[in-house]
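Written below as structure tokens is the structure these notes are about.
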Amino acid sequence: MNAPTLYGLCAAALVGIGLFGLILHPTPLRKVISFNLVGCGTFLFFGVAARRGAGAGFAGDPVPQALVITGIVVAFAATAVAVALILRMLEAGVATMDSRPEPPDDLSP
Amino acid sequence: MSLLVDLVLVVLILMAAVWTILVRDRRDAVIAFIVLGLLLSLVWMRLYAVDVALTEAAVGGGATGLVLLRACARLLPVEAEGRLPGPGTQIAAGLLSALAAAGLAAVVLHPPVPYPSLAALAAENIHTVGLGNPVTAVLLAYRSLDTLLEKVVLVLALIGVWALTPDAFWGGAPGSLRARHASGALDLLARVLPPFGVLVSIYLVWNGADHPGGTFQGGTVLAAMWLLVMMAGLRDPPGISLKLLRRLVVFGPAVFIAVGFAGIWMSGWFLSYPPDYAKPIIVAVEAALVLSIAVILGLLVAGPAAEPPKR
């Protein structure tokens, strides 16, 4: 096994762990963090693709590398908006994803 | 031997990732996520992507971590931890996530032969833009439309964050970033570091044309210096209705768009550069962008206005 393959598997695991966290956690901030994990895994795939596509005197294909830089920036912008939304939600009195007014009987499993 | 380093890195990353998900306290989760970002920037070095390593360390770990930590501090007294779903849902979620990961792993283990690569094309045409760093060439020449739209996304994100300002505070300043406890070390750092930070940022942008570095990395360093000054309490965030601030935010993207339209007139297409002047134009666009990026990043971290406007 070579290094890019190893990191590729690591990226797959990161996406898996992130997805699990996304489903598991009921609080919005933890969901945002989990979603960022999925993002990290996805970006790492681009790194693996870049390294495998090395050629023409470059140690990595520059196109996926450039795409990832753009991706990281957009992910940060999205996270900042999400966090601002969460804080605003909190001011409006919604603390978790399931803290809507409780129905009379607890029907949730 | 070298694979051993990679293996250790992967184990550390997976531990940080699992810790991020499973730890009970949300602040610990954010700290684990920051650690993960820094470890990932080492991985980018191992994958020979120095430009990405710089970005990941600065933005993936640093700026994102800062935004999340600030959110933690504000959520701390209020937000309930919430109830985790029952064991059945947990097992189902685990299985489905594992399935998704396994599918991706299968793709990794069976790459197409020969592996698709645009490296040759990038190398073939790099002389036409006069740059030495292929990543900068992709960002500001081959795929400059992506980069332009990315800057527009940054501006839109800032508008989105500002739009969440409560009516009473519109035009006011974001909440102070000042650390709750005065710290001599932070104060000293905020006074000593910024001149060097500005220098490093200029170096990264100037040097980014031919070596690793570039607009975004430079802009982030500049933003970090501004944030450091704000966190030490030497300056508070400016009011969001400040004209100069808003001009700085749109300055970079506006210059980029203007250059794009000038391209139609000079060489026939939107965002195309005349061959002899490609490099000076690119460096000028980068210089304009770096200011806007620094201001936007700083304001995104600072968040919506939280104080009534002064007057």
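Labels used: A, B, ... for chains in the order of the structure tokens, numbers from 1 for residues in each chain, and numbers from 1 for ligands as shown.
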What's the 6 Å shell around B:Gly37, counting only C-alpha atoms, without same-chain residues fewer than 2 positions away, as a PyMOL selection string?
-> chain B and resi 34-35+39-40+60-61
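Here atom CA of A:Gly60 is placed at a distance of 25.9 Å from atom CA of B:Leu289.
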Shell of 10 Å around A:Ile72, only C-alpha atoms, local chain residues under 3 positions omitted, as a ChimeraX atom specification | /A:36,39-40,43,67-69,75-78 /B:52,55-56,59-60,64
Minimum-distance residue to chain A, chosen among B:Ala73, B:Gly303, B:Leu12, B:Ala262 (using only C-alpha atoms) = B:Gly303
Residues near B:Val290, cut-off 9 Å, only C-alpha atoms, skip fewer than 4 positions along chain, as a PDB file with N, CA and C atoms, in the first residue's frame:
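Saved as part-v2.pdb:
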```pdb
ATOM      1  N   SER B 201       2.336  38.251   5.120  1.00  0.00           N
ATOM      2  CA  SER B 201       1.207  38.233   4.208  1.00  0.00           C
ATOM      3  C   SER B 201       1.595  38.785   2.834  1.00  0.00           C
ATOM      4  N   ILE B 202       2.332  39.908   2.820  1.00  0.00           N
ATOM      5  CA  ILE B 202       2.774  40.474   1.544  1.00  0.00           C
ATOM      6  C   ILE B 202       3.700  39.482   0.830  1.00  0.00           C
ATOM      7  N   VAL B 205       1.713  36.642  -0.799  1.00  0.00           N
ATOM      8  CA  VAL B 205       1.003  37.031  -2.019  1.00  0.00           C
ATOM      9  C   VAL B 205       1.992  37.229  -3.166  1.00  0.00           C
ATOM     10  N   GLY B 214      -0.095  32.461  -1.743  1.00  0.00           N
ATOM     11  CA  GLY B 214      -1.030  33.072  -2.669  1.00  0.00           C
ATOM     12  C   GLY B 214      -1.976  33.998  -1.955  1.00  0.00           C
ATOM     13  N   THR B 215      -2.966  34.458  -2.710  1.00  0.00           N
ATOM     14  CA  THR B 215      -3.890  35.459  -2.195  1.00  0.00           C
ATOM     15  C   THR B 215      -4.565  35.005  -0.926  1.00  0.00           C
ATOM     16  N   PHE B 216      -5.114  33.804  -0.987  1.00  0.00           N
ATOM     17  CA  PHE B 216      -5.941  33.416   0.128  1.00  0.00           C
ATOM     18  C   PHE B 216      -5.138  33.238   1.400  1.00  0.00           C
ATOM     19  N   GLN B 217      -3.972  32.589   1.249  1.00  0.00           N
ATOM     20  CA  GLN B 217      -3.120  32.380   2.426  1.00  0.00           C
ATOM     21  C   GLN B 217      -2.678  33.718   3.006  1.00  0.00           C
ATOM     22  N   GLY B 218      -2.274  34.636   2.128  1.00  0.00           N
ATOM     23  CA  GLY B 218      -1.852  35.958   2.586  1.00  0.00           C
ATOM     24  C   GLY B 218      -2.983  36.694   3.288  1.00  0.00           C
ATOM     25  N   GLY B 219      -4.173  36.620   2.682  1.00  0.00           N
ATOM     26  CA  GLY B 219      -5.331  37.298   3.256  1.00  0.00           C
ATOM     27  C   GLY B 219      -5.674  36.747   4.634  1.00  0.00           C
ATOM     28  N   THR B 220      -5.530  35.427   4.789  1.00  0.00           N
ATOM     29  CA  THR B 220      -5.851  34.823   6.079  1.00  0.00           C
ATOM     30  C   THR B 220      -4.875  35.276   7.153  1.00  0.00           C
ATOM     31  N   LEU B 222      -3.297  38.065   7.212  1.00  0.00           N
ATOM     32  CA  LEU B 222      -3.658  39.453   7.507  1.00  0.00           C
ATOM     33  C   LEU B 222      -4.881  39.509   8.430  1.00  0.00           C
ATOM     34  N   GLY B 252     -11.961  44.128  -3.745  1.00  0.00           N
ATOM     35  CA  GLY B 252     -11.276  43.022  -4.439  1.00  0.00           C
ATOM     36  C   GLY B 252     -12.140  42.378  -5.502  1.00  0.00           C
ATOM     37  N   VAL B 285      -4.542  41.829  -9.388  1.00  0.00           N
ATOM     38  CA  VAL B 285      -5.823  41.292  -8.906  1.00  0.00           C
ATOM     39  C   VAL B 285      -5.622  40.676  -7.530  1.00  0.00           C
ATOM     40  N   GLU B 286      -4.513  39.938  -7.368  1.00  0.00           N
ATOM     41  CA  GLU B 286      -4.251  39.283  -6.078  1.00  0.00           C
ATOM     42  C   GLU B 286      -4.093  40.327  -4.972  1.00  0.00           C
ATOM     43  N   ALA B 294      -9.020  39.611   3.723  1.00  0.00           N
ATOM     44  CA  ALA B 294      -8.678  39.813   5.133  1.00  0.00           C
ATOM     45  C   ALA B 294      -9.850  40.447   5.874  1.00  0.00           C
ATOM     46  N   VAL B 295     -10.450  41.488   5.263  1.00  0.00           N
ATOM     47  CA  VAL B 295     -11.557  42.183   5.930  1.00  0.00           C
ATOM     48  C   VAL B 295     -12.756  41.252   6.073  1.00  0.00           C
TER      49      VAL B 295
END
```
Exercise: B:Gly213 partners within 7 Å, only C-alpha atoms, chain neighbours under 5 positions left out, as a ChimeraX atom specification = /B:51,204-205,207-208
Which residues, written as an MDAnalysis selection string, have at least one atom at most 10 Å from stretch 26-34 of chain A, with only C-alpha atoms counted and residues fewer than 5 positions away on the same chain left out?
-> (chainID A and resid 14:15 17:21 39:40 78:80 82:83 85:87 89 95:99) or (chainID B and resid 17 20:21 25:27 29:30 33 64:65 68 71:72 75 79:85)
Among the residues A:Val81, A:Ala50, A:Met1, A:Cys10, the one that comes closest to A:Ala66 [using only C-alpha atoms] |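 Going through A:Val81, A:Ala50, A:Met1, A:Cys10 one by one, the smallest distance to A:Ala66 is for A:Ala50.
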Name all residues at most 9 Å from A:Pro62 (count only C-alpha atoms; drop same-chain ones fewer than 6 positions away) and give them as a list of chain:residue names.
->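 These residues fall inside the cut-off: A:Ala50, A:Gly53, A:Ala54, B:Ala49, B:Leu118, B:Ala119, B:Ala122, B:Asn133, B:Pro134, B:Val135, B:Thr136, B:Ala137, B:Val138.
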What separation in Å, quoted to one decimal, exists between atom CA of B:Leu36 and atom CA of B:Trp19?
->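 Answer for the atom CA of B:Leu36 to atom CA of B:Trp19 separation: 9.8 Å.
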Could you write out, as an MDAnalysis selection string, all the residues of chain A that DSSP marks as helix (DSSP H, G or I)?
-> chainID A and resid 3:24 28:52 62:91
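The smallest atom-to-atom distance between B:Pro238 and any of B:Val283, B:Phe270, B:Phe196, B:Leu177, using only C-alpha atoms, is found for B:Leu177.
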In Å to one decimal, how far is atom CA of B:Ala254 from atom CA of B:Leu140?
-> 15.0 Å
